[in-house]
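> What follows is upload24.txt, compact mmCIF, N, CA and C atoms.
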# COMPACT_ATOMS: atom_id res chain seq x y z
N MET A 1 -48.79 13.77 -6.13
CA MET A 1 -49.76 13.36 -7.10
C MET A 1 -51.03 14.16 -6.89
N SER A 2 -51.58 14.73 -7.93
CA SER A 2 -52.84 15.46 -7.85
C SER A 2 -53.85 14.81 -8.77
N ASP A 3 -55.08 14.92 -8.40
CA ASP A 3 -56.14 14.34 -9.21
C ASP A 3 -57.43 15.06 -8.87
N LYS A 4 -58.51 14.69 -9.55
CA LYS A 4 -59.82 15.27 -9.27
C LYS A 4 -60.80 14.15 -8.98
N LEU A 5 -61.73 14.41 -8.08
CA LEU A 5 -62.82 13.50 -7.77
C LEU A 5 -64.13 14.24 -7.95
N ALA A 6 -65.13 13.57 -8.45
CA ALA A 6 -66.47 14.16 -8.51
C ALA A 6 -67.25 13.62 -7.32
N ALA A 7 -67.75 14.51 -6.49
CA ALA A 7 -68.48 14.12 -5.29
C ALA A 7 -69.98 14.22 -5.55
N LEU A 8 -70.63 13.08 -5.76
CA LEU A 8 -72.08 13.01 -5.93
C LEU A 8 -72.62 14.04 -6.92
N GLY A 9 -72.02 14.11 -8.08
CA GLY A 9 -72.50 14.99 -9.12
C GLY A 9 -72.07 16.44 -8.96
N ALA A 10 -71.33 16.75 -7.93
CA ALA A 10 -70.87 18.13 -7.72
C ALA A 10 -69.66 18.39 -8.60
N GLU A 11 -69.23 19.62 -8.58
CA GLU A 11 -68.02 19.98 -9.31
C GLU A 11 -66.85 19.14 -8.81
N PRO A 12 -65.90 18.80 -9.67
CA PRO A 12 -64.73 18.03 -9.23
C PRO A 12 -63.98 18.77 -8.11
N ILE A 13 -63.44 18.00 -7.20
CA ILE A 13 -62.63 18.57 -6.12
C ILE A 13 -61.19 18.12 -6.31
N GLN A 14 -60.26 18.96 -5.92
CA GLN A 14 -58.84 18.65 -6.04
C GLN A 14 -58.37 17.89 -4.81
N PHE A 15 -57.47 16.97 -4.99
CA PHE A 15 -56.80 16.34 -3.86
C PHE A 15 -55.37 16.04 -4.26
N SER A 16 -54.53 15.95 -3.26
CA SER A 16 -53.15 15.54 -3.50
C SER A 16 -52.76 14.57 -2.41
N THR A 17 -51.85 13.69 -2.72
CA THR A 17 -51.38 12.72 -1.73
C THR A 17 -50.00 13.12 -1.24
N ILE A 18 -49.75 12.81 0.01
CA ILE A 18 -48.42 13.02 0.59
C ILE A 18 -48.04 11.76 1.32
N GLU A 19 -46.77 11.50 1.40
CA GLU A 19 -46.30 10.35 2.16
C GLU A 19 -45.65 10.86 3.43
N ILE A 20 -46.19 10.43 4.56
CA ILE A 20 -45.65 10.83 5.85
C ILE A 20 -44.97 9.61 6.46
N ALA A 21 -43.67 9.67 6.56
CA ALA A 21 -42.90 8.54 7.08
C ALA A 21 -43.01 8.47 8.60
N PRO A 22 -43.04 7.27 9.17
CA PRO A 22 -43.03 7.13 10.62
C PRO A 22 -41.65 7.49 11.18
N LEU A 23 -41.61 7.74 12.48
CA LEU A 23 -40.32 8.05 13.12
C LEU A 23 -39.42 6.83 13.16
N ASN A 24 -40.00 5.64 13.33
CA ASN A 24 -39.22 4.41 13.42
C ASN A 24 -39.77 3.38 12.44
N ALA A 25 -38.89 2.58 11.87
CA ALA A 25 -39.31 1.52 10.96
C ALA A 25 -40.29 0.61 11.67
N GLY A 26 -41.35 0.24 10.98
CA GLY A 26 -42.35 -0.66 11.54
C GLY A 26 -43.48 0.06 12.27
N ASP A 27 -43.31 1.34 12.54
CA ASP A 27 -44.36 2.11 13.20
C ASP A 27 -45.40 2.56 12.16
N VAL A 28 -46.53 3.03 12.67
CA VAL A 28 -47.55 3.61 11.80
C VAL A 28 -47.68 5.09 12.12
N VAL A 29 -48.20 5.83 11.16
CA VAL A 29 -48.44 7.25 11.33
C VAL A 29 -49.93 7.50 11.31
N SER A 30 -50.36 8.35 12.21
CA SER A 30 -51.76 8.76 12.26
C SER A 30 -51.78 10.28 12.10
N ALA A 31 -52.23 10.76 10.93
CA ALA A 31 -52.32 12.20 10.70
C ALA A 31 -53.61 12.71 11.31
N ARG A 32 -53.53 13.81 12.05
CA ARG A 32 -54.71 14.33 12.76
C ARG A 32 -55.12 15.73 12.31
N GLY A 33 -54.18 16.55 11.87
CA GLY A 33 -54.53 17.92 11.51
C GLY A 33 -53.67 18.45 10.39
N LEU A 34 -54.23 19.39 9.63
CA LEU A 34 -53.55 20.02 8.50
C LEU A 34 -53.96 21.49 8.51
N ASN A 35 -52.99 22.39 8.32
CA ASN A 35 -53.35 23.81 8.25
C ASN A 35 -53.10 24.36 6.85
N GLU A 36 -53.41 25.64 6.66
CA GLU A 36 -53.31 26.27 5.36
C GLU A 36 -51.88 26.34 4.84
N GLN A 37 -50.89 26.32 5.74
CA GLN A 37 -49.48 26.35 5.33
C GLN A 37 -48.97 24.97 4.90
N GLY A 38 -49.81 23.95 5.03
CA GLY A 38 -49.42 22.61 4.62
C GLY A 38 -48.72 21.81 5.70
N LEU A 39 -48.71 22.30 6.93
CA LEU A 39 -48.14 21.54 8.04
C LEU A 39 -49.14 20.48 8.47
N VAL A 40 -48.66 19.27 8.69
CA VAL A 40 -49.50 18.16 9.13
C VAL A 40 -49.01 17.73 10.50
N VAL A 41 -49.94 17.48 11.43
CA VAL A 41 -49.58 16.99 12.75
C VAL A 41 -50.29 15.67 13.02
N GLY A 42 -49.72 14.88 13.93
CA GLY A 42 -50.31 13.60 14.27
C GLY A 42 -49.45 12.85 15.25
N ALA A 43 -49.33 11.54 15.02
CA ALA A 43 -48.55 10.69 15.91
C ALA A 43 -47.89 9.57 15.13
N SER A 44 -46.79 9.09 15.66
CA SER A 44 -46.08 7.95 15.11
C SER A 44 -45.80 7.00 16.27
N GLY A 45 -46.10 5.73 16.04
CA GLY A 45 -45.87 4.77 17.12
C GLY A 45 -46.13 3.35 16.67
N PRO A 46 -45.94 2.42 17.60
CA PRO A 46 -46.19 1.01 17.28
C PRO A 46 -47.64 0.79 16.88
N VAL A 47 -47.86 -0.20 16.04
CA VAL A 47 -49.21 -0.53 15.61
C VAL A 47 -50.01 -1.04 16.80
N VAL A 48 -51.19 -0.47 16.97
CA VAL A 48 -52.13 -0.93 17.99
C VAL A 48 -53.44 -1.21 17.27
N GLN A 49 -53.89 -2.45 17.29
CA GLN A 49 -55.18 -2.76 16.70
C GLN A 49 -56.24 -2.08 17.56
N THR A 50 -57.10 -1.29 16.94
CA THR A 50 -58.08 -0.55 17.72
C THR A 50 -59.02 -1.48 18.46
N SER A 51 -59.14 -2.73 18.02
CA SER A 51 -59.98 -3.68 18.76
C SER A 51 -59.38 -3.97 20.14
N GLN A 52 -58.07 -3.71 20.32
CA GLN A 52 -57.43 -3.88 21.62
C GLN A 52 -57.82 -2.74 22.57
N LEU A 53 -58.31 -1.63 22.02
CA LEU A 53 -58.64 -0.46 22.82
C LEU A 53 -60.13 -0.38 23.15
N SER A 54 -60.96 -1.21 22.50
CA SER A 54 -62.39 -1.17 22.78
C SER A 54 -62.96 -2.57 22.64
N SER A 55 -64.19 -2.71 23.01
CA SER A 55 -64.85 -4.01 22.92
C SER A 55 -65.36 -4.29 21.51
N GLN A 56 -65.34 -3.29 20.64
CA GLN A 56 -65.83 -3.46 19.27
C GLN A 56 -64.68 -3.88 18.36
N PRO A 57 -64.78 -5.07 17.75
CA PRO A 57 -63.71 -5.49 16.83
C PRO A 57 -63.67 -4.62 15.60
N THR A 58 -62.49 -4.29 15.15
CA THR A 58 -62.33 -3.49 13.93
C THR A 58 -60.99 -3.85 13.32
N PRO A 59 -60.88 -3.82 12.01
CA PRO A 59 -59.62 -4.17 11.36
C PRO A 59 -58.62 -3.03 11.31
N CYS A 60 -58.98 -1.86 11.83
CA CYS A 60 -58.11 -0.68 11.71
C CYS A 60 -56.93 -0.75 12.66
N ALA A 61 -55.81 -0.22 12.21
CA ALA A 61 -54.63 -0.07 13.06
C ALA A 61 -54.44 1.42 13.30
N ASP A 62 -53.95 1.78 14.46
CA ASP A 62 -53.78 3.18 14.81
C ASP A 62 -52.65 3.27 15.82
N THR A 63 -52.39 4.48 16.28
CA THR A 63 -51.43 4.69 17.36
C THR A 63 -52.22 4.99 18.63
N THR A 64 -51.55 4.97 19.76
CA THR A 64 -52.18 5.32 21.02
C THR A 64 -51.25 6.27 21.77
N PRO A 65 -51.79 7.27 22.47
CA PRO A 65 -50.92 8.19 23.21
C PRO A 65 -50.16 7.52 24.35
N LEU A 66 -50.47 6.24 24.63
CA LEU A 66 -49.74 5.53 25.67
C LEU A 66 -48.34 5.13 25.22
N THR A 67 -48.14 5.01 23.88
CA THR A 67 -46.85 4.57 23.36
C THR A 67 -46.31 5.42 22.21
N SER A 68 -47.11 6.34 21.69
CA SER A 68 -46.70 7.09 20.50
C SER A 68 -45.95 8.37 20.85
N ARG A 69 -45.44 9.01 19.79
CA ARG A 69 -44.80 10.32 19.90
C ARG A 69 -45.45 11.24 18.88
N ALA A 70 -45.68 12.48 19.29
CA ALA A 70 -46.29 13.47 18.41
C ALA A 70 -45.33 13.80 17.28
N ILE A 71 -45.90 14.05 16.09
CA ILE A 71 -45.07 14.39 14.93
C ILE A 71 -45.61 15.65 14.26
N ILE A 72 -44.73 16.26 13.48
CA ILE A 72 -45.11 17.33 12.57
C ILE A 72 -44.44 17.02 11.24
N TRP A 73 -45.19 17.19 10.17
CA TRP A 73 -44.68 16.97 8.82
C TRP A 73 -44.59 18.33 8.16
N GLN A 74 -43.38 18.66 7.72
CA GLN A 74 -43.13 19.98 7.13
C GLN A 74 -42.12 19.83 6.00
N ASP A 75 -42.43 20.39 4.85
CA ASP A 75 -41.52 20.36 3.71
C ASP A 75 -41.03 18.95 3.37
N GLY A 76 -41.96 17.98 3.44
CA GLY A 76 -41.62 16.61 3.07
C GLY A 76 -40.89 15.82 4.12
N GLN A 77 -40.70 16.37 5.30
CA GLN A 77 -39.96 15.69 6.37
C GLN A 77 -40.84 15.46 7.59
N THR A 78 -40.79 14.26 8.13
CA THR A 78 -41.47 13.95 9.39
C THR A 78 -40.49 14.23 10.52
N GLN A 79 -40.95 15.01 11.51
CA GLN A 79 -40.10 15.34 12.65
C GLN A 79 -40.83 14.99 13.95
N ASP A 80 -40.08 14.57 14.94
CA ASP A 80 -40.62 14.36 16.28
C ASP A 80 -40.98 15.73 16.82
N LEU A 81 -42.23 15.93 17.20
CA LEU A 81 -42.68 17.24 17.68
C LEU A 81 -41.94 17.65 18.96
N ASN A 82 -41.50 16.68 19.76
CA ASN A 82 -40.75 16.98 20.97
C ASN A 82 -39.45 17.71 20.62
N ALA A 83 -38.73 17.21 19.62
CA ALA A 83 -37.49 17.85 19.18
C ALA A 83 -37.79 19.17 18.47
N TRP A 84 -38.88 19.22 17.72
CA TRP A 84 -39.26 20.41 16.98
C TRP A 84 -39.52 21.58 17.91
N VAL A 85 -40.27 21.35 19.00
CA VAL A 85 -40.55 22.45 19.93
C VAL A 85 -39.33 22.77 20.80
N ALA A 86 -38.50 21.75 21.11
CA ALA A 86 -37.28 22.00 21.89
C ALA A 86 -36.34 22.92 21.10
N ALA A 87 -36.28 22.73 19.79
CA ALA A 87 -35.43 23.58 18.95
C ALA A 87 -35.93 25.02 18.92
N ARG A 88 -37.17 25.22 19.35
CA ARG A 88 -37.75 26.56 19.40
C ARG A 88 -37.81 27.11 20.83
N GLY A 89 -37.09 26.45 21.74
CA GLY A 89 -36.94 26.97 23.10
C GLY A 89 -37.93 26.49 24.13
N LEU A 90 -38.80 25.54 23.80
CA LEU A 90 -39.77 25.05 24.77
C LEU A 90 -39.17 23.90 25.58
N THR A 91 -39.27 23.99 26.88
CA THR A 91 -38.83 22.91 27.76
C THR A 91 -40.06 22.24 28.36
N LEU A 92 -40.20 20.95 28.14
CA LEU A 92 -41.32 20.19 28.69
C LEU A 92 -41.00 19.77 30.13
N PRO A 93 -42.02 19.48 30.93
CA PRO A 93 -41.77 18.98 32.28
C PRO A 93 -40.92 17.71 32.24
N ALA A 94 -40.08 17.52 33.23
CA ALA A 94 -39.17 16.36 33.28
C ALA A 94 -39.95 15.06 33.10
N GLY A 95 -39.45 14.21 32.22
CA GLY A 95 -40.04 12.90 32.00
C GLY A 95 -41.30 12.88 31.16
N SER A 96 -41.74 14.03 30.69
CA SER A 96 -42.97 14.07 29.89
C SER A 96 -42.65 14.02 28.40
N VAL A 97 -43.64 13.60 27.62
CA VAL A 97 -43.48 13.43 26.18
C VAL A 97 -44.74 13.92 25.48
N LEU A 98 -44.56 14.69 24.42
CA LEU A 98 -45.69 15.02 23.56
C LEU A 98 -46.03 13.74 22.80
N ALA A 99 -47.17 13.15 23.12
CA ALA A 99 -47.52 11.83 22.61
C ALA A 99 -48.31 11.86 21.31
N GLU A 100 -49.12 12.90 21.13
CA GLU A 100 -49.95 12.98 19.93
C GLU A 100 -50.32 14.43 19.68
N ALA A 101 -50.16 14.89 18.46
CA ALA A 101 -50.64 16.21 18.07
C ALA A 101 -52.01 16.01 17.44
N ILE A 102 -52.98 16.76 17.92
CA ILE A 102 -54.37 16.55 17.51
C ILE A 102 -54.78 17.50 16.39
N ASP A 103 -54.31 18.74 16.44
CA ASP A 103 -54.71 19.70 15.42
C ASP A 103 -53.71 20.85 15.38
N ILE A 104 -53.71 21.57 14.26
CA ILE A 104 -52.88 22.75 14.09
C ILE A 104 -53.72 23.79 13.35
N ASN A 105 -53.66 25.04 13.80
CA ASN A 105 -54.48 26.07 13.16
C ASN A 105 -53.63 26.96 12.24
N ALA A 106 -54.26 27.97 11.67
CA ALA A 106 -53.59 28.86 10.72
C ALA A 106 -52.46 29.65 11.37
N SER A 107 -52.52 29.85 12.68
CA SER A 107 -51.46 30.56 13.40
C SER A 107 -50.37 29.61 13.89
N ASN A 108 -50.44 28.35 13.50
CA ASN A 108 -49.49 27.30 13.88
C ASN A 108 -49.54 26.93 15.36
N SER A 109 -50.65 27.25 16.04
CA SER A 109 -50.85 26.74 17.39
C SER A 109 -51.26 25.28 17.27
N ILE A 110 -50.69 24.46 18.12
CA ILE A 110 -50.91 23.01 18.05
C ILE A 110 -51.58 22.54 19.33
N LEU A 111 -52.66 21.78 19.19
CA LEU A 111 -53.28 21.10 20.32
C LEU A 111 -52.67 19.70 20.36
N ALA A 112 -52.12 19.33 21.52
CA ALA A 112 -51.43 18.05 21.63
C ALA A 112 -51.77 17.36 22.95
N VAL A 113 -51.46 16.08 22.99
CA VAL A 113 -51.59 15.29 24.22
C VAL A 113 -50.19 15.16 24.81
N LEU A 114 -50.05 15.55 26.07
CA LEU A 114 -48.79 15.44 26.79
C LEU A 114 -48.90 14.26 27.74
N ARG A 115 -47.99 13.30 27.60
CA ARG A 115 -47.92 12.15 28.51
C ARG A 115 -46.94 12.52 29.62
N LEU A 116 -47.47 12.67 30.83
CA LEU A 116 -46.64 13.07 31.96
C LEU A 116 -45.79 11.91 32.46
N ALA A 117 -44.79 12.20 33.26
CA ALA A 117 -43.86 11.19 33.75
C ALA A 117 -44.58 10.07 34.51
N ASP A 118 -45.69 10.39 35.18
CA ASP A 118 -46.43 9.37 35.93
C ASP A 118 -47.44 8.62 35.07
N GLY A 119 -47.46 8.89 33.74
CA GLY A 119 -48.34 8.18 32.83
C GLY A 119 -49.66 8.86 32.55
N ARG A 120 -50.01 9.88 33.33
CA ARG A 120 -51.26 10.60 33.07
C ARG A 120 -51.16 11.35 31.75
N LEU A 121 -52.30 11.55 31.11
CA LEU A 121 -52.37 12.28 29.85
C LEU A 121 -53.10 13.59 30.09
N THR A 122 -52.61 14.66 29.46
CA THR A 122 -53.26 15.96 29.56
C THR A 122 -53.16 16.66 28.21
N PHE A 123 -54.04 17.60 27.95
CA PHE A 123 -53.99 18.37 26.72
C PHE A 123 -53.16 19.63 26.93
N VAL A 124 -52.40 20.01 25.92
CA VAL A 124 -51.61 21.24 25.96
C VAL A 124 -51.78 21.98 24.64
N ARG A 125 -51.62 23.30 24.71
CA ARG A 125 -51.61 24.13 23.51
C ARG A 125 -50.21 24.65 23.34
N LEU A 126 -49.65 24.44 22.16
CA LEU A 126 -48.30 24.90 21.84
C LEU A 126 -48.40 26.06 20.87
N ASN A 127 -47.73 27.14 21.15
CA ASN A 127 -47.70 28.29 20.27
C ASN A 127 -46.29 28.45 19.75
N ALA A 128 -45.99 27.80 18.62
CA ALA A 128 -44.66 27.85 18.04
C ALA A 128 -44.76 28.15 16.56
N GLU A 129 -43.88 28.97 16.07
CA GLU A 129 -43.82 29.28 14.64
C GLU A 129 -42.89 28.29 13.95
N PRO A 130 -43.26 27.86 12.75
CA PRO A 130 -42.36 26.93 12.02
C PRO A 130 -41.10 27.63 11.55
Can you give me the file's structure in the form of structure tokens?

Amino acid sequence: MSDKLAALGAEPIQFSTIEIAPLNAGDVVSARGLNEQGLVVGASGPVVQTSQLSSQPTPCADTTPLTSRAIIWQDGQTQDLNAWVAARGLTLPAGSVLAEAIDINASNSILAVLRLADGRLTFVRLNAEP
């Protein structure tokens, strides 16, 4: 679906909507990055009320890298980023999981959160072509 919005009297801007399915029924998707090729990255996981993560109450639901899995949306399909990079020859450390993809650039490099086997979280840069 495409439409136009007028932003505070400025020229209309174009927008389009996409539907990004979660990896599992009942999960939520959190989109974090979009590049010029139309690839979207983010996370899919169980609903976590953000008020559970901070002292400030909020009605928003989100994912958390403690329980989520990183995703990539390409050509209308949501894919687990762990499987996506494995299909391109990347081997992650034993017991680790790409928990959340934070951004993707024009060269398709992805900044992601890696959940290590011991539960620690670290940032990684993935250089994979779609």
> Kindly provide the residues of region 64-83 of chain A that approach region 14-35 of chain A to within 8 Å, each paired with its closest atom pair and their distance in Å to one decimal, based on all atoms listed in the file, listed by chain and increasing number, as JSON lines.

{"residue": "A:Ile71", "atom": "CA", "partner": "A:Leu23", "partner_atom": "N", "distance": 7.9}
{"residue": "A:Trp73", "atom": "CA", "partner": "A:Ile20", "partner_atom": "CA", "distance": 6.9}
{"residue": "A:Gly76", "atom": "C", "partner": "A:Glu19", "partner_atom": "C", "distance": 6.9}
{"residue": "A:Gln77", "atom": "C", "partner": "A:Ala21", "partner_atom": "N", "distance": 6.5}
{"residue": "A:Thr78", "atom": "CA", "partner": "A:Ala21", "partner_atom": "N", "distance": 5.6}
{"residue": "A:Gln79", "atom": "C", "partner": "A:Leu23", "partner_atom": "CA", "distance": 7.0}
{"residue": "A:Asp80", "atom": "N", "partner": "A:Leu23", "partner_atom": "CA", "distance": 6.8}
> Taking 3 positions as the minimum chain separation for residues in the same chain, which residues sit within 6 Å of region 81-83 of chain A when counting only N, CA and C atoms? Answer as a ChimeraX atom specification.
/A:69-72,86-87,98
> So, with all atoms listed in the file as the atoms that count, which of A:Gln37, A:Ala43, A:Arg120, A:Asn127 lies closest to Glu100 (chain A)?
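Selected residue with least distance to Glu100 (chain A): A:Ala43.
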> For atom N of Asp75 (chain A) and atom C of Leu116 (chain A), quote the distance in Å rounded to one decimal.
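Taking atom N of Asp75 (chain A) as the start and atom C of Leu116 (chain A) as the end point, the length is 29.1 Å.
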> What is the distance between CA of Ser109 (chain A) and CA of Gln74 (chain A), in Å to one decimal?
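Spanning CA of Ser109 (chain A) to CA of Gln74 (chain A) is a straight-line distance of 14.5 Å.
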> To one decimal place, how far is atom N of Ala106 (chain A) from atom N of Gly38 (chain A) in Å?
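So the two atoms, atom N of Ala106 (chain A) and atom N of Gly38 (chain A), lie 8.9 Å apart.
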> Which residue gives the smallest distance to Gly42 (chain A) among A:Gly95, A:Leu121, A:Glu11, A:Ser68, with all atoms listed in the file counted?
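Result for the nearest residue to Gly42 (chain A): A:Ser68.
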> Excluding same-chain residues fewer than 4 positions from Leu66 (chain A), what lies within 8 Å of it counting only N, CA and C atoms, as a list in words?
Ala99, Glu100, Arg115 and Gly119 of chain A
> Those residues you just picked out, can you put them in a file as a short mmCIF file (atom, residue, chain, number, x, y, z; two decimals), in the coordinates of the input with N, CA and C atoms?

data_model
loop_
_atom_site.label_atom_id
_atom_site.label_comp_id
_atom_site.auth_asym_id
_atom_site.auth_seq_id
_atom_site.Cartn_x
_atom_site.Cartn_y
_atom_site.Cartn_z
N ALA A 99 -47.17 13.15 23.12
CA ALA A 99 -47.52 11.83 22.61
C ALA A 99 -48.31 11.86 21.31
N GLU A 100 -49.12 12.90 21.13
CA GLU A 100 -49.95 12.98 19.93
C GLU A 100 -50.32 14.43 19.68
N ARG A 115 -47.99 13.30 27.60
CA ARG A 115 -47.92 12.15 28.51
C ARG A 115 -46.94 12.52 29.62
N GLY A 119 -47.46 8.89 33.74
CA GLY A 119 -48.34 8.18 32.83
C GLY A 119 -49.66 8.86 32.55
#
> Using only C-alpha atoms, determine which residues lie at most 6 Å from Phe123 (chain A), disregarding the query and same-chain residues fewer than 2 positions distant; provide the list as a list in words.
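Counting only the stated atoms, we get Ala112, Val113 and Leu114 of chain A.
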> Could you please take those selected residues and save N, CA and C atoms as a short mmCIF file (atom, residue, chain, number, x, y, z; two decimals), keeping the file's coordinate frame?

data_model
loop_
_atom_site.label_atom_id
_atom_site.label_comp_id
_atom_site.auth_asym_id
_atom_site.auth_seq_id
_atom_site.Cartn_x
_atom_site.Cartn_y
_atom_site.Cartn_z
N ALA A 112 -52.12 19.33 21.52
CA ALA A 112 -51.43 18.05 21.63
C ALA A 112 -51.77 17.36 22.95
N VAL A 113 -51.46 16.08 22.99
CA VAL A 113 -51.59 15.29 24.22
C VAL A 113 -50.19 15.16 24.81
N LEU A 114 -50.05 15.55 26.07
CA LEU A 114 -48.79 15.44 26.79
C LEU A 114 -48.90 14.26 27.74
#
> Go through A:Leu126, A:Val40, A:Leu90, A:Val85 one by one, measure the shortest atom-to-atom distance of each to Asn108 (chain A) using all atoms listed in the file, and give the residue with the smallest value.
A:Leu126
> Mind giving me the axis-aligned box for region 69-77 of chain A with 4 Å on every side, centre plus edges in Å to one decimal, as lines of an AutoDock Vina configuration file?

center_x = -43.1
center_y = 14.7
center_z = 11.5
size_x = 14.3
size_y = 19.4
size_z = 24.8
